[in-house]
Amino acid sequence: TAKELGKNRLCFFDVGEHQLRRKRHRIADDFRRALAKDELELFYQPKVDLCRQRVVGFEALIRWHHPDNGLLTPDQFLPALAGTEQEIMLGEYVIAEGVRTIERFARLNEDYSLSINISAQHILNEGFLPKLESRLALLPAGLRSRLFIEVLESMALEDIDLSINILEGCKRLGVNLSLDDFGTGFSSLSYFRRLPVDEIKIDKSFVREILTDADDSMIVRNIVNLAKGFNRRVVGEGVESQAVAEELAGFGCDLAQGYHFSRPLSLGQALSWSDRFNGC
Ligand code: C2E
Ligand code: MG
Ligand code: MG
Ligand code: MG
């Protein structure tokens, strides 16, 4: 009967939800172990100055060497960490590693910058600024400005005043800020101009087809102009061909990142790739 069918459907739905929750739980638990057992690694993707044709910095992207499931990318585990304390533990790991990497750049006499990704939940968390300050205290003066913290454009939609406060706190500590996946967060221009960010990253969903899609091309060109008008550095993400890199350069975009230049690599590989690219 219809009633039984309805009940079954409800039942199937419940099982699905339940299993999904259990799976997320398992991943989040597993992740705790990953942190303890040192299964995480930051991979590094070069950021290329389009005008000078030089690598000027890197973005650090998290990878998980899972003992059973191989190398995992963020889409395979980040959603399961959302809202858990592990999400914050990951951010703390990334900050600590990032500081070490900047020290390594300095020892190598390279003036590369380093971008790290920090979740909205983590950066809006009460203890964030004091913890960041104590981590940065380990960095010799002058190296702090090498660090860029990337936050999602959608972050400030939660609580604009709190967001601005925290971002200003980061600026006072001497780090740079970057607005990630720009164009996907539906922020208004009045809100955009209040955010004390140094850099804007145009989401790859707009960049990918700028050569063939007139709308995307128009959007990207206008984001570049908006960014330049507000004196922000602008980065095109997801650049997969020389032609797209040239188009972006023609729009006045400062930097590009994407598989056309390099995929995210281990630190050693990323450094040697960049030495070659920069002609050292
Ligand atoms: P994102 O910060 O926007 O990073 C860019 C993503 O695009 C990376 O994916 C990168 O590998 C990928 N990508 C770069 N160039 C290309 C390209 O030419 N084509 C295509 N199709 N993709 C490209 P990944 O490493 O899988 O990271 C995905 C997202 O996960 C990141 O997006 C970021 O939001 C998040 N994430 C990564 N690492 C961390 C982290 O350490 N902490 C936090 N909280 N989030 C992270
Ligand atoms: Mg990013
Ligand atoms: Mg992005
Ligand atoms: Mg993204």
# chains A, B, ... in the order shown; residues from 1 in each chain; ligands from 1
>>> closest_atom_pairs(of="chain A", to="ligand 4", cutoff="8 Å", atoms="only C-alpha atoms and all ligand atoms", output="Markdown table")
| residue | atom | partner | partner_atom_place_in_ligand_line | distance |
| --- | --- | --- | --- | --- |
| A:Asp180 | CA | ligand 4 | 1 (Mg) | 7.1 |
| A:Asp181 | CA | ligand 4 | 1 (Mg) | 5.5 |
| A:Asp203 | CA | ligand 4 | 1 (Mg) | 7.0 |
| A:Lys204 | CA | ligand 4 | 1 (Mg) | 7.8 |
>>> residues_around(residues="Asp38 in chain A", least_positions_apart="3", cutoff="12 Å", atoms="only C-alpha atoms", output="list of chain:residue names")
A:Phe31, A:Arg32, A:Arg33, A:Ala34, A:Leu35, A:Glu41, A:Leu42, A:Arg63, A:Trp64, A:His65, A:His66, A:Pro67, A:Leu90, A:Tyr93, A:Glu97
>>> residues_near_ligand(ligand="ligand 2", cutoff="10 Å", atoms="only C-alpha atoms and all ligand atoms", output="ChimeraX atom specification")
/A:59-61,115-118,149-152,178-181,201,203,237
>>> closest_residue(among="A:Glu153, A:Asp75, A:Glu17, A:Asp215", to="ligand 3", atoms="only C-alpha atoms and all ligand atoms")
A:Glu153
>>> atom_distance(atom1="CA of Ala156 in chain A", atom2="atom 3 (O, counted along the ligand's line) of ligand 1")
16.6 Å
>>> residues_near_ligand(ligand="ligand 1", cutoff="6 Å", atoms="only C-alpha atoms and all ligand atoms", output="MDAnalysis selection string")
chainID A and resid 61:62 73:74 91 94 117:119 181 238:240 257:259 264
>>> select_by_dssp(residues="range 81-145 of chain A", states="strand (DSSP E)", output="list of chain:residue names")
A:Ser113, A:Leu114, A:Ser115, A:Ile116, A:Asn117
>>> residues_around(residues="Leu124 in chain A", least_positions_apart="3", cutoff="7 Å", atoms="only C-alpha atoms", output="NGL selection string")
:A and (120-121 or 163)
>>> write_last_selection(atoms="C-alpha atoms", output="PDB file, in the first residue's frame")
ATOM      1  CA  ALA A 120      35.811  30.361   8.530  1.00  0.00           C
ATOM      2  CA  GLN A 121      34.985  28.305  11.597  1.00  0.00           C
ATOM      3  CA  SER A 163      34.966  39.080  10.443  1.00  0.00           C
TER       4      SER A 163
END
>>> select_by_dssp(residues="range 7-205 of chain A", states="alpha helix (DSSP H)", output="number ranges by chain")
A: 7-36, 78-81, 85-107, 120-123, 128-136, 160-172, 189-192, 204-205
>>> closest_residue(among="A:Asp159, A:Gln45, A:Glu247, A:Leu81", to="ligand 3", atoms="only C-alpha atoms and all ligand atoms")
A:Gln45
>>> atom_distance(atom1="CA of Gly183 in chain A", atom2="atom 1 (Mg, counted along the ligand's line) of ligand 3")
10.2 Å
>>> closest_residue(among="A:Lys47, A:Arg24, A:Arg100, A:Arg107", to="Ala245 in chain A", atoms="only C-alpha atoms")
A:Lys47
>>> atom_distance(atom1="CA of Pro79 in chain A", atom2="CA of Gly98 in chain A")
22.2 Å
>>> closest_residue(among="A:Pro140, A:Gly252, A:Gly185, A:Gly127", to="ligand 3", atoms="only C-alpha atoms and all ligand atoms")
A:Gly185
>>> residues_around(residues="Lys131 in chain A", least_positions_apart="3", cutoff="12 Å", atoms="only C-alpha atoms", output="number ranges by chain")
A: 88-89, 91-93, 95-96, 122-123, 125-128, 134-138, 169-170, 173
>>> closest_residue(among="A:Ile102, A:Ile166, A:Ala256, A:Leu40", to="ligand 3", atoms="only C-alpha atoms and all ligand atoms")
A:Ala256
>>> residues_around(residues="Gly279 in chain A", least_positions_apart="5", cutoff="12 Å", atoms="only C-alpha atoms", output="list of chain:residue names")
A:Gln53, A:Arg54, A:Val55, A:Ser272, A:Trp273, A:Ser274
>>> closest_residue(among="A:Lys23, A:Asn176, A:Asn222, A:Ile160", to="Arg194 in chain A", atoms="only C-alpha atoms")
A:Ile160
>>> decode(residues="range 50-199 of chain A", atoms="C-alpha atoms", output="mmCIF file, in the first residue's frame")
data_model
loop_
_atom_site.group_PDB
_atom_site.id
_atom_site.type_symbol
_atom_site.label_atom_id
_atom_site.label_comp_id
_atom_site.auth_asym_id
_atom_site.auth_seq_id
_atom_site.Cartn_x
_atom_site.Cartn_y
_atom_site.Cartn_z
ATOM 1 C CA LEU A 50 52.289 37.039 -15.144
ATOM 2 C CA CYS A 51 54.229 40.164 -15.997
ATOM 3 C CA ARG A 52 57.645 39.018 -14.820
ATOM 4 C CA GLN A 53 57.056 35.332 -15.618
ATOM 5 C CA ARG A 54 58.399 34.310 -12.236
ATOM 6 C CA VAL A 55 57.227 32.189 -9.348
ATOM 7 C CA VAL A 56 56.708 34.622 -6.465
ATOM 8 C CA GLY A 57 55.123 32.306 -3.933
ATOM 9 C CA PHE A 58 53.168 29.129 -3.242
ATOM 10 C CA GLU A 59 49.815 28.018 -1.918
ATOM 11 C CA ALA A 60 49.946 25.205 0.624
ATOM 12 C CA LEU A 61 47.256 22.556 0.060
ATOM 13 C CA ILE A 62 46.601 19.755 2.509
ATOM 14 C CA ARG A 63 47.037 16.082 1.564
ATOM 15 C CA TRP A 64 46.461 12.965 3.694
ATOM 16 C CA HIS A 65 48.589 9.867 3.214
ATOM 17 C CA HIS A 66 45.947 7.414 4.395
ATOM 18 C CA PRO A 67 47.340 4.000 5.394
ATOM 19 C CA ASP A 68 44.493 2.101 3.639
ATOM 20 C CA ASN A 69 43.095 4.519 1.082
ATOM 21 C CA GLY A 70 46.203 6.157 -0.365
ATOM 22 C CA LEU A 71 46.692 9.861 -0.978
ATOM 23 C CA LEU A 72 43.520 11.786 -0.158
ATOM 24 C CA THR A 73 42.650 15.291 -1.403
ATOM 25 C CA PRO A 74 40.627 17.755 0.705
ATOM 26 C CA ASP A 75 37.287 17.031 -0.980
ATOM 27 C CA GLN A 76 37.568 13.483 0.401
ATOM 28 C CA PHE A 77 37.783 14.494 4.063
ATOM 29 C CA LEU A 78 37.305 18.235 4.681
ATOM 30 C CA PRO A 79 33.489 18.074 4.547
ATOM 31 C CA ALA A 80 33.535 15.431 7.300
ATOM 32 C CA LEU A 81 35.563 17.751 9.538
ATOM 33 C CA ALA A 82 33.243 20.726 9.144
ATOM 34 C CA GLY A 83 32.223 22.035 12.552
ATOM 35 C CA THR A 84 34.399 19.575 14.499
ATOM 36 C CA GLU A 85 37.415 20.352 16.640
ATOM 37 C CA GLN A 86 39.556 18.491 14.081
ATOM 38 C CA GLU A 87 38.923 21.306 11.610
ATOM 39 C CA ILE A 88 40.650 23.654 14.034
ATOM 40 C CA MET A 89 43.420 21.146 14.723
ATOM 41 C CA LEU A 90 44.064 20.978 10.972
ATOM 42 C CA GLY A 91 44.320 24.768 10.805
ATOM 43 C CA GLU A 92 46.798 24.782 13.663
ATOM 44 C CA TYR A 93 48.874 22.144 11.921
ATOM 45 C CA VAL A 94 48.842 24.198 8.713
ATOM 46 C CA ILE A 95 49.932 27.371 10.514
ATOM 47 C CA ALA A 96 52.773 25.576 12.314
ATOM 48 C CA GLU A 97 53.959 23.903 9.087
ATOM 49 C CA GLY A 98 53.566 27.151 7.188
ATOM 50 C CA VAL A 99 55.817 28.980 9.643
ATOM 51 C CA ARG A 100 58.444 26.250 9.229
ATOM 52 C CA THR A 101 58.228 26.538 5.451
ATOM 53 C CA ILE A 102 58.718 30.299 5.562
ATOM 54 C CA GLU A 103 61.797 29.762 7.739
ATOM 55 C CA ARG A 104 63.068 27.325 5.138
ATOM 56 C CA PHE A 105 62.534 29.872 2.339
ATOM 57 C CA ALA A 106 64.558 32.351 4.377
ATOM 58 C CA ARG A 107 67.383 29.855 4.924
ATOM 59 C CA LEU A 108 67.435 29.193 1.166
ATOM 60 C CA ASN A 109 67.608 32.919 0.599
ATOM 61 C CA GLU A 110 64.383 32.848 -1.429
ATOM 62 C CA ASP A 111 61.864 35.644 -0.964
ATOM 63 C CA TYR A 112 58.820 33.491 -1.756
ATOM 64 C CA SER A 113 55.509 34.189 -0.056
ATOM 65 C CA LEU A 114 53.355 31.395 1.345
ATOM 66 C CA SER A 115 49.562 31.191 1.296
ATOM 67 C CA ILE A 116 47.671 28.948 3.686
ATOM 68 C CA ASN A 117 43.943 28.170 3.754
ATOM 69 C CA ILE A 118 42.062 28.748 7.004
ATOM 70 C CA SER A 119 38.402 27.800 7.452
ATOM 71 C CA ALA A 120 35.811 30.361 8.530
ATOM 72 C CA GLN A 121 34.985 28.305 11.597
ATOM 73 C CA HIS A 122 38.629 28.382 12.687
ATOM 74 C CA ILE A 123 39.414 32.035 12.026
ATOM 75 C CA LEU A 124 36.185 33.205 13.698
ATOM 76 C CA ASN A 125 36.990 31.042 16.707
ATOM 77 C CA GLU A 126 37.773 32.932 19.902
ATOM 78 C CA GLY A 127 41.302 31.710 20.437
ATOM 79 C CA PHE A 128 42.445 32.258 16.861
ATOM 80 C CA LEU A 129 44.306 35.582 17.106
ATOM 81 C CA PRO A 130 46.234 34.895 20.335
ATOM 82 C CA LYS A 131 47.314 31.478 18.998
ATOM 83 C CA LEU A 132 48.370 32.969 15.676
ATOM 84 C CA GLU A 133 50.330 35.620 17.508
ATOM 85 C CA SER A 134 52.242 33.047 19.537
ATOM 86 C CA ARG A 135 53.029 31.022 16.398
ATOM 87 C CA LEU A 136 54.217 34.100 14.556
ATOM 88 C CA ALA A 137 56.428 35.049 17.491
ATOM 89 C CA LEU A 138 58.691 32.222 16.305
ATOM 90 C CA LEU A 139 59.215 33.969 12.967
ATOM 91 C CA PRO A 140 62.059 36.475 12.778
ATOM 92 C CA ALA A 141 60.802 40.004 12.221
ATOM 93 C CA GLY A 142 60.354 40.774 8.536
ATOM 94 C CA LEU A 143 59.249 37.267 7.623
ATOM 95 C CA ARG A 144 55.658 37.648 8.814
ATOM 96 C CA SER A 145 54.657 39.588 5.748
ATOM 97 C CA ARG A 146 55.572 36.503 3.683
ATOM 98 C CA LEU A 147 52.472 34.789 5.037
ATOM 99 C CA PHE A 148 49.105 35.108 3.292
ATOM 100 C CA ILE A 149 46.007 33.730 4.985
ATOM 101 C CA GLU A 150 43.352 32.702 2.464
ATOM 102 C CA VAL A 151 39.758 32.884 3.649
ATOM 103 C CA LEU A 152 36.661 32.154 1.621
ATOM 104 C CA GLU A 153 34.722 35.087 0.269
ATOM 105 C CA SER A 154 31.666 33.600 1.990
ATOM 106 C CA MET A 155 33.325 33.795 5.424
ATOM 107 C CA ALA A 156 32.185 37.304 6.249
ATOM 108 C CA LEU A 157 28.598 36.591 5.282
ATOM 109 C CA GLU A 158 28.232 34.934 8.691
ATOM 110 C CA ASP A 159 29.061 37.962 10.785
ATOM 111 C CA ILE A 160 30.520 40.909 8.945
ATOM 112 C CA ASP A 161 31.623 42.970 11.956
ATOM 113 C CA LEU A 162 33.281 40.054 13.710
ATOM 114 C CA SER A 163 34.966 39.080 10.443
ATOM 115 C CA ILE A 164 36.353 42.553 9.876
ATOM 116 C CA ASN A 165 37.602 42.659 13.466
ATOM 117 C CA ILE A 166 39.483 39.418 13.123
ATOM 118 C CA LEU A 167 40.890 40.233 9.709
ATOM 119 C CA GLU A 168 42.131 43.561 11.075
ATOM 120 C CA GLY A 169 43.693 41.661 13.970
ATOM 121 C CA CYS A 170 45.575 39.507 11.464
ATOM 122 C CA LYS A 171 46.775 42.617 9.641
ATOM 123 C CA ARG A 172 48.053 44.082 12.924
ATOM 124 C CA LEU A 173 50.108 40.913 13.373
ATOM 125 C CA GLY A 174 51.775 41.673 10.054
ATOM 126 C CA VAL A 175 50.321 38.955 7.816
ATOM 127 C CA ASN A 176 48.579 39.427 4.470
ATOM 128 C CA LEU A 177 45.040 38.373 3.654
ATOM 129 C CA SER A 178 43.571 36.840 0.564
ATOM 130 C CA LEU A 179 39.933 36.378 -0.435
ATOM 131 C CA ASP A 180 39.587 32.897 -1.944
ATOM 132 C CA ASP A 181 37.087 31.649 -4.549
ATOM 133 C CA PHE A 182 36.028 35.207 -5.260
ATOM 134 C CA GLY A 183 32.806 35.477 -7.210
ATOM 135 C CA THR A 184 31.156 32.426 -5.647
ATOM 136 C CA GLY A 185 30.197 33.912 -2.278
ATOM 137 C CA PHE A 186 27.557 36.421 -3.347
ATOM 138 C CA SER A 187 29.122 39.238 -1.350
ATOM 139 C CA SER A 188 27.944 42.742 -2.013
ATOM 140 C CA LEU A 189 30.316 45.472 -3.084
ATOM 141 C CA SER A 190 29.672 47.514 0.042
ATOM 142 C CA TYR A 191 30.831 44.594 2.107
ATOM 143 C CA PHE A 192 33.728 43.835 -0.175
ATOM 144 C CA ARG A 193 35.261 47.278 0.177
ATOM 145 C CA ARG A 194 35.216 47.002 3.985
ATOM 146 C CA LEU A 195 37.304 43.836 4.058
ATOM 147 C CA PRO A 196 40.989 44.594 4.733
ATOM 148 C CA VAL A 197 42.288 42.022 2.237
ATOM 149 C CA ASP A 198 45.450 42.402 0.174
ATOM 150 C CA GLU A 199 44.603 39.930 -2.545
#
